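J.: Shown below is the structure under consideration.
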Amino acid sequence: MKPHIILITGGQRSGKSQEAERLALTLSRQPVYVATAHVWDEEFRERVRRHQQRRGPQWTNIEEERWLSRHDLTGRVAVIDCVTLWCTNFFFDSGKGDDEQPSVDEALNALKEEFDRFTNQDATLIFVTNEIGLGGVSPDAVQRRFTDLQGWMNQYVASKADEVILMVSGIPVKIK
């Protein structure tokens with residue numbers, strides 16, 4: 001039982017999700033879309049609705065903010081969009097460190113454990129993530145912590161991936 005893991009990374013609006021969806025459709029006529037976002041407000045709810053509408057009826061949509069391993073995708077092709085929002089869900093629910101900030105270590109350990117449980121199935125899993133660390137160092141301590149968490153989780157997923165693609169201005173660049 002071995003998954004095929006693909007990581008698609010890049011900046012905001014670089015074409016990551018569309019590339020992941022395109023790739024999934026080349027591999028399956030009925031792919032799965034796993035949305036990890038927490039819907040915060042009406043604007044975001046509308047964004048989710050537009051994305052679902054764009055994908056069309058051939059997709060199976062699953063909304064799962066944290067526990068991806070609840071879903072058996074054996075034999076399926078799935079897009080998991082996205083690691084960044086998935087990290088956010090663990091980060092802000094993590095215990096507080098000595099300085100009352102969310103715990104990066106606790107969130108990272110929980111994310112790695114859940115990633116390993118989820119990827120322990122025979123499926124093609126296409127993870128989408130953001131390279132938020134490319135934007136420079138934030139003056140905000142919580143944002144710096146989250147950027148660290150995101151970077152370390154991206155490295156972890158990439159280390160487990162069979163393929164890594166960097167999106168640059170809508171152009172996929174194969175990294176691994």
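Just so we're on the same page: first chain in the structure tokens is A, next is B, and so on; residues restart at 1 for each chain, and ligands are numbered from 1 in the order they show up.
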Find the residues near Lys2 (chain A): any atom within 9 Å, counting only C-alpha atoms, skip ones fewer than 5 places away on the same chain, and give them as a VMD selection string.
T.: chain A and resid 119 to 123
J.: Taking only region 115-165 of chain A into account, list the residues labelled strand (DSSP E or B) by DSSP (computed from the backbone), as a list in words.
T.: Thr124, Leu125, Ile126, Phe127, Val128, Glu163, Val164 and Ile165 of chain A
J.: Taking only region 1-165 of chain A into account, list the residues labelled helix (DSSP H, G or I) by DSSP (computed from the backbone), as a PyMOL selection string.
T.: chain A and resi 16-27+42-55+68-70+83-91+104-118+132-135+141-160
J.: Tell me, as a list of chain:residue names, which residues lie within 9 Å of Asn154 (chain A), counting only C-alpha atoms; anything in the same chain fewer than 2 positions away does not count.
T.: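 Returned residues: A:Leu7, A:Thr9, A:Val83, A:Thr84, A:Thr129, A:Asn130, A:Glu131, A:Leu149, A:Gln150, A:Gly151, A:Trp152, A:Tyr156, A:Val157, A:Ala158, A:Ser159.
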J.: Can I get the selection written as a PDB file, in the first residue's frame, with C-alpha atoms?
T.:
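Generated file (out-v3.pdb):
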```
ATOM      1  CA  LEU A   7       3.019  18.636  -4.003  1.00  0.00           C
ATOM      2  CA  THR A   9       3.511  24.934  -4.373  1.00  0.00           C
ATOM      3  CA  VAL A  83      -1.850  22.690   3.264  1.00  0.00           C
ATOM      4  CA  THR A  84      -1.651  26.355   4.301  1.00  0.00           C
ATOM      5  CA  THR A 129       0.375  24.693  -0.634  1.00  0.00           C
ATOM      6  CA  ASN A 130       1.668  28.259  -0.516  1.00  0.00           C
ATOM      7  CA  GLU A 131       5.232  29.492  -0.299  1.00  0.00           C
ATOM      8  CA  LEU A 149       5.241  26.229  10.768  1.00  0.00           C
ATOM      9  CA  GLN A 150       4.160  26.455   7.134  1.00  0.00           C
ATOM     10  CA  GLY A 151       7.730  26.243   5.852  1.00  0.00           C
ATOM     11  CA  TRP A 152       8.548  23.225   7.996  1.00  0.00           C
ATOM     12  CA  TYR A 156       7.951  17.586   5.379  1.00  0.00           C
ATOM     13  CA  VAL A 157       5.359  17.059   2.643  1.00  0.00           C
ATOM     14  CA  ALA A 158       7.989  17.656  -0.067  1.00  0.00           C
ATOM     15  CA  SER A 159      10.289  15.078   1.535  1.00  0.00           C
TER      16      SER A 159
END
```
J.: Determine the nearest neighbour of Glu65 (chain A) from the options A:Leu85, A:Val104, A:Ala110, A:Leu25, counting only C-alpha atoms.
T.: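 Of A:Leu85, A:Val104, A:Ala110, A:Leu25, the one nearest Glu65 (chain A), counting only C-alpha atoms, is A:Leu85.
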J.: Write out as a list in words each polymer residue whose atoms come within 9 Å of Lys174 (chain A), counting only C-alpha atoms; drop sequence neighbours fewer than 2 positions from it.
T.: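 That gives Glu163, Val164, Ile165, Leu166, Met167, Pro172 and Lys176 of chain A.
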J.: Please save all heavy atoms of the selected residues as a PDB file, in the first residue's frame.
T.:
```
ATOM      1  N   GLU A 163       6.624  13.748  -6.426  1.00  0.00           N
ATOM      2  CA  GLU A 163       6.800  14.853  -7.361  1.00  0.00           C
ATOM      3  C   GLU A 163       6.525  16.164  -6.629  1.00  0.00           C
ATOM      4  O   GLU A 163       5.641  16.227  -5.794  1.00  0.00           O
ATOM      5  CB  GLU A 163       5.809  14.759  -8.525  1.00  0.00           C
ATOM      6  CG  GLU A 163       5.903  13.510  -9.362  1.00  0.00           C
ATOM      7  CD  GLU A 163       4.794  13.455 -10.411  1.00  0.00           C
ATOM      8  OE1 GLU A 163       4.676  14.434 -11.188  1.00  0.00           O
ATOM      9  OE2 GLU A 163       4.055  12.465 -10.429  1.00  0.00           O
ATOM     10  N   VAL A 164       7.281  17.214  -6.989  1.00  0.00           N
ATOM     11  CA  VAL A 164       7.037  18.562  -6.478  1.00  0.00           C
ATOM     12  C   VAL A 164       7.047  19.508  -7.667  1.00  0.00           C
ATOM     13  O   VAL A 164       7.976  19.481  -8.487  1.00  0.00           O
ATOM     14  CB  VAL A 164       8.102  19.000  -5.443  1.00  0.00           C
ATOM     15  CG1 VAL A 164       7.859  20.437  -4.972  1.00  0.00           C
ATOM     16  CG2 VAL A 164       8.125  18.036  -4.248  1.00  0.00           C
ATOM     17  N   ILE A 165       6.014  20.335  -7.751  1.00  0.00           N
ATOM     18  CA  ILE A 165       5.871  21.299  -8.838  1.00  0.00           C
ATOM     19  C   ILE A 165       5.755  22.691  -8.236  1.00  0.00           C
ATOM     20  O   ILE A 165       4.944  22.914  -7.332  1.00  0.00           O
ATOM     21  CB  ILE A 165       4.615  20.984  -9.685  1.00  0.00           C
ATOM     22  CG1 ILE A 165       4.747  19.589 -10.312  1.00  0.00           C
ATOM     23  CG2 ILE A 165       4.380  22.064 -10.736  1.00  0.00           C
ATOM     24  CD1 ILE A 165       3.449  19.037 -10.870  1.00  0.00           C
ATOM     25  N   LEU A 166       6.560  23.619  -8.726  1.00  0.00           N
ATOM     26  CA  LEU A 166       6.491  25.020  -8.317  1.00  0.00           C
ATOM     27  C   LEU A 166       5.766  25.788  -9.408  1.00  0.00           C
ATOM     28  O   LEU A 166       6.152  25.725 -10.586  1.00  0.00           O
ATOM     29  CB  LEU A 166       7.902  25.597  -8.131  1.00  0.00           C
ATOM     30  CG  LEU A 166       7.987  27.104  -7.881  1.00  0.00           C
ATOM     31  CD1 LEU A 166       7.350  27.482  -6.549  1.00  0.00           C
ATOM     32  CD2 LEU A 166       9.457  27.553  -7.911  1.00  0.00           C
ATOM     33  N   MET A 167       4.730  26.495  -9.037  1.00  0.00           N
ATOM     34  CA  MET A 167       3.982  27.313  -9.991  1.00  0.00           C
ATOM     35  C   MET A 167       4.565  28.733  -9.983  1.00  0.00           C
ATOM     36  O   MET A 167       4.688  29.347  -8.915  1.00  0.00           O
ATOM     37  CB  MET A 167       2.496  27.367  -9.629  1.00  0.00           C
ATOM     38  CG  MET A 167       1.797  26.028  -9.757  1.00  0.00           C
ATOM     39  SD  MET A 167       1.848  25.320 -11.421  1.00  0.00           S
ATOM     40  CE  MET A 167       0.922  26.534 -12.350  1.00  0.00           C
ATOM     41  N   PRO A 172       3.900  25.683 -14.615  1.00  0.00           N
ATOM     42  CA  PRO A 172       4.429  24.656 -13.711  1.00  0.00           C
ATOM     43  C   PRO A 172       5.912  24.373 -13.990  1.00  0.00           C
ATOM     44  O   PRO A 172       6.306  24.182 -15.140  1.00  0.00           O
ATOM     45  CB  PRO A 172       3.570  23.428 -14.029  1.00  0.00           C
ATOM     46  CG  PRO A 172       3.001  23.665 -15.386  1.00  0.00           C
ATOM     47  CD  PRO A 172       2.990  25.149 -15.614  1.00  0.00           C
ATOM     48  N   LYS A 176      10.935  18.262  -8.408  1.00  0.00           N
ATOM     49  CA  LYS A 176      11.312  16.895  -8.001  1.00  0.00           C
ATOM     50  C   LYS A 176      10.472  15.906  -8.777  1.00  0.00           C
ATOM     51  O   LYS A 176       9.300  16.095  -8.995  1.00  0.00           O
ATOM     52  CB  LYS A 176      11.076  16.739  -6.501  1.00  0.00           C
ATOM     53  CG  LYS A 176      11.328  15.369  -5.933  1.00  0.00           C
ATOM     54  CD  LYS A 176      11.056  15.376  -4.436  1.00  0.00           C
ATOM     55  CE  LYS A 176      11.181  13.997  -3.827  1.00  0.00           C
ATOM     56  NZ  LYS A 176      10.829  14.002  -2.416  1.00  0.00           N
TER      57      LYS A 176
END
```
J.: How far is it from CA of Ala20 (chain A) to CA of Asp148 (chain A), in Å with one decimal?
T.: 24.4 Å
J.: Quick one: pull the distance between CA of Cys82 (chain A) and CA of Ile8 (chain A), Å, one decimal.
T.: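 It comes out at 9.7 Å.
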J.: CA of Arg145 (chain A) and CA of Phe90 (chain A), how far apart in Å?
T.: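 These atoms are spaced 12.7 Å apart.
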J.: Hey, what's within 8 Å of Phe118 (chain A) if we count only C-alpha atoms and toss same-chain stuff fewer than 5 positions away? As a short mmCIF file (atom, residue, chain, number, x, y, z; two decimals) with N, CA and C atoms, in the first residue's frame, please?
T.:
```cif
data_model
loop_
_atom_site.label_atom_id
_atom_site.label_comp_id
_atom_site.auth_asym_id
_atom_site.auth_seq_id
_atom_site.Cartn_x
_atom_site.Cartn_y
_atom_site.Cartn_z
N LEU A 68 -7.96 14.63 7.96
CA LEU A 68 -7.99 14.07 6.61
C LEU A 68 -8.08 12.54 6.64
N SER A 69 -7.48 11.93 7.65
CA SER A 69 -7.43 10.46 7.72
C SER A 69 -8.81 9.84 7.97
N ARG A 70 -9.81 10.63 8.25
CA ARG A 70 -11.18 10.11 8.37
C ARG A 70 -11.71 9.60 7.04
N HIS A 71 -11.06 9.99 5.96
CA HIS A 71 -11.57 9.72 4.62
C HIS A 71 -10.73 8.68 3.91
#
```
J.: Could you make a table, as CSV, of the residues of region 8-33 of chain A that have an atom within 10 Å of an atom of region 74-77 of chain A, each with its nearest atom pair and distance in Å to one decimal, counting only C-alpha atoms, in chain and number order?
T.:
```
residue,atom,partner,partner_atom,distance
A:Leu23,CA,A:Val77,CA,9.6
A:Ala24,CA,A:Val77,CA,6.3
A:Leu25,CA,A:Val77,CA,8.6
A:Thr26,CA,A:Val77,CA,9.9
A:Leu27,CA,A:Val77,CA,7.0
A:Ser28,CA,A:Val77,CA,6.3
A:Arg29,CA,A:Val77,CA,9.3
A:Gln30,CA,A:Val77,CA,8.0
A:Pro31,CA,A:Val77,CA,5.1
A:Val32,CA,A:Val77,CA,6.2
A:Tyr33,CA,A:Val77,CA,8.7
```
J.: Using only C-alpha atoms, find the one residue out of A:Phe91, A:Phe115, A:Phe127, A:Trp59 that sits nearest to Val79 (chain A).
T.: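 When distances to Val79 (chain A) are compared using only C-alpha atoms, the smallest one comes from A:Phe127.
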